[in-house]
$ cat my_file_3.cif   # mmCIF, C-alpha atoms
data_data
#
loop_
_atom_site.label_atom_id
_atom_site.label_comp_id
_atom_site.auth_asym_id
_atom_site.auth_seq_id
_atom_site.Cartn_x
_atom_site.Cartn_y
_atom_site.Cartn_z
CA MET A 1 9.08 1.93 11.55
CA TYR A 2 8.69 -0.65 8.83
CA ALA A 3 9.03 -4.43 8.69
CA SER A 4 9.03 -6.78 6.08
CA GLY A 5 -10.69 -15.82 11.27
CA ALA A 6 -14.29 -14.86 11.08
CA ARG A 7 -15.37 -11.65 9.37
CA VAL A 8 -17.08 -8.88 11.29
CA PRO A 9 -19.78 -6.51 9.98
CA VAL A 10 -17.64 -3.36 9.96
CA THR A 11 -18.53 -0.74 7.36
CA ARG A 12 -15.52 1.60 7.61
CA ILE A 13 -12.49 1.86 9.87
CA HIS A 14 -10.62 5.18 10.13
CA LEU A 15 -7.01 4.77 11.22
CA MET A 16 -5.45 7.66 13.10
CA LYS A 17 -1.83 6.96 14.12
CA ILE A 18 0.22 4.39 12.23
CA HIS A 19 3.00 2.74 14.21
CA GLN A 20 4.38 0.08 11.84
CA LEU A 21 3.83 -1.37 8.37
CA SER A 22 4.52 -4.89 7.17
CA VAL A 23 4.25 -6.01 3.52
CA THR A 24 4.90 -9.66 2.62
CA TYR A 25 4.43 -11.67 -0.55
CA LEU A 26 2.98 -15.10 0.29
CA ALA A 27 3.73 -17.59 -2.49
CA GLU A 28 1.15 -20.14 -1.32
CA GLN A 29 -1.57 -17.49 -1.73
CA ASP A 30 0.08 -15.64 -4.63
CA ARG A 31 -0.98 -12.46 -2.87
CA ILE A 32 0.61 -9.67 -0.89
CA LEU A 33 -0.33 -9.45 2.79
CA MET A 34 -0.18 -5.90 4.12
CA ARG A 35 -0.43 -5.35 7.86
CA VAL A 36 -0.73 -2.01 9.65
CA ASN A 37 -0.49 -1.61 13.39
CA THR A 38 -1.22 1.49 15.44
CA ALA A 39 -0.01 3.11 18.63
CA ALA A 40 -3.29 1.86 20.18
CA ALA A 41 -2.26 -1.79 19.61
CA GLU A 42 -4.64 -2.33 16.68
CA GLU A 43 -3.81 -4.29 13.54
CA MET A 44 -5.44 -4.12 10.11
CA ARG A 45 -4.79 -6.95 7.63
CA LEU A 46 -5.22 -6.53 3.87
CA TRP A 47 -4.86 -8.87 0.88
CA LEU A 48 -3.47 -7.16 -2.25
CA THR A 49 -3.91 -9.27 -5.38
CA ARG A 50 -1.93 -9.16 -8.63
CA ARG A 51 -4.97 -7.78 -10.46
CA LEU A 52 -5.36 -4.95 -7.93
CA MET A 53 -1.66 -4.06 -7.98
CA LEU A 54 -1.56 -3.78 -11.78
CA GLY A 55 -3.56 -0.57 -11.45
CA LEU A 56 -2.67 0.53 -7.93
CA TRP A 57 1.13 0.49 -8.26
CA PRO A 58 1.36 3.06 -11.12
CA LEU A 59 -1.27 5.24 -9.44
CA LEU A 60 0.61 5.35 -6.13
CA SER A 61 3.92 5.93 -7.91
CA LYS A 62 2.44 8.90 -9.76
CA LEU A 63 0.87 10.41 -6.63
CA LEU A 64 4.04 9.95 -4.57
CA THR A 65 6.17 11.62 -7.24
CA LYS A 66 3.77 14.55 -7.30
CA HIS A 67 3.91 14.80 -3.50
CA LEU A 68 7.72 14.69 -3.45
CA LEU A 69 8.00 17.44 -6.05
CA LYS A 70 5.86 19.70 -3.89
CA LEU A 71 8.52 19.40 -1.17
CA GLU A 72 11.10 21.06 -3.43
CA ALA A 73 11.72 24.79 -3.08
CA ALA A 74 10.45 25.37 -6.62
CA GLY A 75 7.46 23.11 -6.06
CA SER A 76 4.82 24.97 -8.04
CA SER A 77 7.09 25.67 -11.04
CA LEU A 78 8.11 22.01 -11.27
CA GLU A 79 4.62 21.04 -12.43
CA SER A 80 5.59 22.14 -15.94
CA ALA A 81 9.06 20.54 -15.82
CA ASP A 82 9.91 17.67 -18.15
CA GLU A 83 9.36 14.10 -16.95
CA ASP A 84 13.07 13.28 -16.72
CA LEU A 85 13.66 16.13 -14.26
CA LYS A 86 10.64 15.13 -12.20
CA LYS A 87 11.86 11.54 -12.06
CA MET A 88 15.38 12.60 -11.06
CA LEU A 89 14.15 14.80 -8.20
CA ALA A 90 11.75 12.09 -6.98
CA GLU A 91 14.56 9.50 -7.03
CA PHE A 92 16.78 11.87 -5.05
CA ARG A 93 14.09 12.28 -2.40
CA LYS A 94 13.64 8.52 -2.28
CA GLU A 95 17.37 7.88 -1.78
CA GLU A 96 17.53 10.48 0.99
CA PHE A 97 14.62 8.82 2.74
CA LEU A 98 16.10 5.32 2.49
CA LYS A 99 19.32 6.51 4.14
CA HIS A 100 17.44 7.39 7.34
CA ALA A 101 14.50 4.96 7.36
CA ASP A 102 14.23 2.16 9.92
CA PHE A 103 13.60 -1.16 8.19
CA ASP A 104 15.38 -3.26 10.82
CA THR A 105 13.02 -3.07 13.81
CA PRO A 106 10.91 -6.28 13.88
CA TYR A 107 7.20 -5.89 13.25
CA GLN A 108 5.22 -6.23 16.49
CA GLU A 109 3.11 -9.37 16.28
CA ASN A 110 -0.06 -10.31 18.19
CA GLN A 111 -1.72 -6.93 18.44
CA ALA A 112 -4.49 -6.82 21.05
CA GLN A 113 -7.25 -5.58 18.73
CA LEU A 114 -8.28 -6.60 15.19
CA PRO A 115 -10.99 -4.09 14.15
CA LEU A 116 -11.41 -5.74 10.75
CA GLY A 117 -11.29 -9.27 12.17
CA GLU A 118 -8.71 -12.02 11.75
CA GLU A 119 -9.46 -12.59 8.07
CA PRO A 120 -7.57 -10.02 5.94
CA LEU A 121 -9.67 -7.58 3.95
CA LEU A 122 -9.58 -8.68 0.27
CA VAL A 123 -9.12 -5.30 -1.40
CA THR A 124 -11.26 -4.89 -4.52
CA ASP A 125 -10.76 -1.14 -5.04
CA VAL A 126 -8.82 1.80 -3.62
CA ASP A 127 -9.66 5.49 -3.34
CA ALA A 128 -6.54 7.72 -3.25
CA SER A 129 -6.93 11.41 -2.38
CA PRO A 130 -4.04 13.93 -2.04
CA LEU A 131 -4.76 16.31 0.85
CA PRO A 132 -3.86 20.03 1.18
CA ASN A 133 -1.60 19.27 4.17
CA GLY A 134 0.67 17.12 1.98
CA ARG A 135 -0.68 13.79 3.19
CA LEU A 136 -2.24 11.10 1.05
CA ARG A 137 -5.54 9.54 2.09
CA LEU A 138 -6.00 5.90 1.06
CA SER A 139 -9.28 4.01 1.39
CA PHE A 140 -9.02 0.23 0.92
CA ASN A 141 -12.40 -1.31 0.14
CA GLU A 142 -13.71 -4.86 -0.01
CA ARG A 143 -16.91 -4.91 -2.07
CA PRO A 144 -17.66 -8.48 -3.17
CA PRO A 145 -20.96 -9.06 -4.99
CA GLY A 146 -24.00 -9.68 -2.81
CA VAL A 147 -22.50 -8.41 0.45
CA GLU A 148 -24.71 -5.87 2.25
CA LYS A 149 -22.01 -4.51 4.60
CA PRO A 150 -18.71 -4.27 2.73
CA ARG A 151 -15.60 -3.77 4.81
CA SER A 152 -13.27 -0.82 4.28
CA PHE A 153 -10.31 0.79 5.94
CA GLN A 154 -8.96 4.33 5.59
CA MET A 155 -5.62 5.85 6.55
CA GLU A 156 -3.69 9.06 5.96
CA MET A 157 0.05 8.96 5.24
CA GLU A 158 2.64 11.71 5.19
CA PRO A 159 5.16 11.56 2.29
CA LYS A 160 7.89 9.80 4.30
CA LEU A 161 5.53 7.06 5.44
CA MET A 162 4.22 6.74 1.90
CA GLN A 163 7.79 6.25 0.68
CA GLY A 164 8.23 3.51 3.26
CA LEU A 165 5.08 1.75 2.04
CA MET A 166 6.17 2.02 -1.59
CA HIS A 167 9.59 0.58 -0.75
CA LEU A 168 8.00 -2.41 1.00
CA LEU A 169 5.54 -2.93 -1.86
CA GLU A 170 8.40 -2.81 -4.37
CA GLN A 171 10.25 -5.52 -2.45
CA ALA A 172 7.12 -7.68 -2.35
CA LEU A 173 6.53 -7.20 -6.10
CA THR A 174 10.12 -8.23 -6.80
CA ARG A 175 9.57 -11.48 -4.91
CA SER A 176 6.20 -12.13 -6.52
CA GLN A 177 7.49 -12.98 -10.02
CA TRP A 178 4.53 -11.05 -11.37
CA PRO A 179 4.91 -9.32 -14.77
CA GLU A 180 7.66 -6.77 -15.18
CA ALA A 181 4.95 -4.19 -15.84
CA PHE A 182 5.38 -3.32 -12.17
CA GLY A 183 8.94 -2.21 -12.80
CA ALA A 184 10.39 -4.72 -10.33
CA GLY A 185 12.57 -7.56 -11.56
CA PRO A 186 11.73 -11.14 -10.50
CA VAL A 187 13.75 -13.24 -8.09
CA ALA A 188 13.67 -16.98 -7.52
CA VAL A 189 10.80 -17.90 -5.20
CA GLU A 190 8.34 -20.77 -5.12
CA ASP A 191 5.29 -20.24 -7.31
CA GLY A 192 1.93 -19.67 -5.61
CA SER A 193 -0.82 -22.22 -6.05
CA VAL A 194 -4.00 -20.37 -5.07
CA GLU A 195 -5.77 -18.19 -7.62
CA GLU A 196 -7.68 -15.07 -6.67
CA ASP A 197 -11.47 -15.30 -6.54
CA SER A 198 -12.79 -14.71 -10.08
CA SER A 199 -16.12 -13.53 -8.68
CA ILE A 200 -14.56 -10.32 -7.33
CA ARG A 201 -15.25 -7.44 -9.70
CA LYS A 202 -12.58 -5.50 -11.56
CA PRO A 203 -10.56 -3.19 -9.27
CA ARG A 204 -11.36 0.54 -9.26
CA TYR A 205 -8.88 3.33 -8.53
CA LEU A 206 -9.83 6.93 -7.84
CA ASN A 207 -7.70 9.99 -7.15
#
$ encode --input "my_file_3.cif" --output "structure tokens"
Amino acid sequence: MYASGARVPVTRIHLMKIHQLSVTYLAEQDRILMRVNTAAAEEMRLWLTRRLMLGLWPLLSKLLTKHLLKLEAAGSSLESADEDLKKMLAEFRKEEFLKHADFDTPYQENQAQLPLGEEPLLVTDVDASPLPNGRLRLSFNERPPGVEKPRSFQMEMEPKLMQGLMHLLEQALTRSQWPEAFGAGPVAVEDGSVEEDSSIRKPRYLN
């Protein structure tokens, strides 16, 4: 299902079973707030900045397209297909998913456990690893300068769940009025007034 405090010294959180995702652009922060809750009533909160998304969005789009093509009957032979054909097949898979996805069920608020604490993890870099079973492993890391125990959070997503996340991120990017480099057109929303922390180092993306 999808729906639109003090820090704790946690080094890495591994998330097993995702129940719901929520992705919201907050104009007053000029950031995207991503929330993930689990079947065990846990919630992880993540800040995604404009600077992070400039690199993360095209990376995730590329990895998702590659995953979707593997689902086709001619999966291995499609690797050498032209980009237009790849894009067409990926768009077809996306449309099929959106026909059956549940975006109407409200996100469950007030989860009992917050393993990362109340303050959202300010993501500085992301590790993305395609797995042999068709899932995508994402590690969201917060590594500000001078912090001995950086926080991080890892989850594995099957292609359908990844499509759901990408759809929610696309909606948030559309509302953000960030550059059209994301491929999402702007809509009229109130401008944010809080800039991201300039002391955070340049985002890193690995796959």
$ residues_around --input "my_file_3.cif" --residues "Gln163 (chain A)" --least-positions-apart "5" --cutoff "8 Å" --atoms "all atoms listed in the file" --output "VMD selection string"
chain A and resid 64 94 97
$ write_last_selection --input "my_file_3.cif" --atoms "C-alpha atoms" --output "PDB file, in the frame of the given file"
ATOM      1  CA  LEU A  64       4.040   9.950  -4.570  1.00  0.00           C
ATOM      2  CA  LYS A  94      13.640   8.520  -2.280  1.00  0.00           C
ATOM      3  CA  PHE A  97      14.620   8.820   2.740  1.00  0.00           C
TER       4      PHE A  97
END
$ atom_distance --input "my_file_3.cif" --atom1 "CA of Leu46 (chain A)" --atom2 "CA of Leu169 (chain A)"
12.7 Å
$ closest_residue --input "my_file_3.cif" --among "A:His167, A:Arg135, A:Arg151, A:Lys66" --to "Glu119 (chain A)" --atoms "only C-alpha atoms"
A:Arg151
$ atom_distance --input "my_file_3.cif" --atom1 "CA of Asn37 (chain A)" --atom2 "CA of Asp127 (chain A)"
20.4 Å
$ closest_residue --input "my_file_3.cif" --among "A:Leu69, A:Leu131, A:Leu21, A:Val147" --to "Arg35 (chain A)" --atoms "all atoms listed in the file"
A:Leu21
$ residues_around --input "my_file_3.cif" --residues "Glu109 (chain A)" --least-positions-apart "2" --cutoff "10 Å" --atoms "all atoms listed in the file" --output "list in words"
Arg35, Asn37, Ala41, Glu43, Pro106, Tyr107, Gln111 and Ala112 of chain A
$ write_last_selection --input "my_file_3.cif" --atoms "C-alpha atoms" --output "PDB file, in the coordinates of the input"
ATOM      1  CA  ARG A  35      -0.430  -5.350   7.860  1.00  0.00           C
ATOM      2  CA  ASN A  37      -0.490  -1.610  13.390  1.00  0.00           C
ATOM      3  CA  ALA A  41      -2.260  -1.790  19.610  1.00  0.00           C
ATOM      4  CA  GLU A  43      -3.810  -4.290  13.540  1.00  0.00           C
ATOM      5  CA  PRO A 106      10.910  -6.280  13.880  1.00  0.00           C
ATOM      6  CA  TYR A 107       7.200  -5.890  13.250  1.00  0.00           C
ATOM      7  CA  GLN A 111      -1.720  -6.930  18.440  1.00  0.00           C
ATOM      8  CA  ALA A 112      -4.490  -6.820  21.050  1.00  0.00           C
TER       9      ALA A 112
END
$ closest_residue --input "my_file_3.cif" --among "A:Val36, A:Ile18, A:Leu138, A:Leu168" --to "Leu56 (chain A)" --atoms "all atoms listed in the file"
A:Leu138
$ closest_residue --input "my_file_3.cif" --among "A:Arg50, A:Lys99, A:Arg137, A:Lys62" --to "Gln29 (chain A)" --atoms "all atoms listed in the file"
A:Arg50
$ resolve_selection --input "my_file_3.cif" --expression "the PyMOL selection byres ((chain A and resi 45) around 12)" --output "count of residues only"
37
$ closest_residue --input "my_file_3.cif" --among "A:Asp30, A:Glu91, A:Asp84, A:Glu158" --to "Ser61 (chain A)" --atoms "all atoms listed in the file"
A:Glu91
$ closest_residue --input "my_file_3.cif" --among "A:Pro159, A:Pro150, A:Pro58, A:Gly164" --to "Pro130 (chain A)" --atoms "only C-alpha atoms"
A:Pro159
$ atom_distance --input "my_file_3.cif" --atom1 "CA of Pro145 (chain A)" --atom2 "CA of Thr124 (chain A)"
10.6 Å
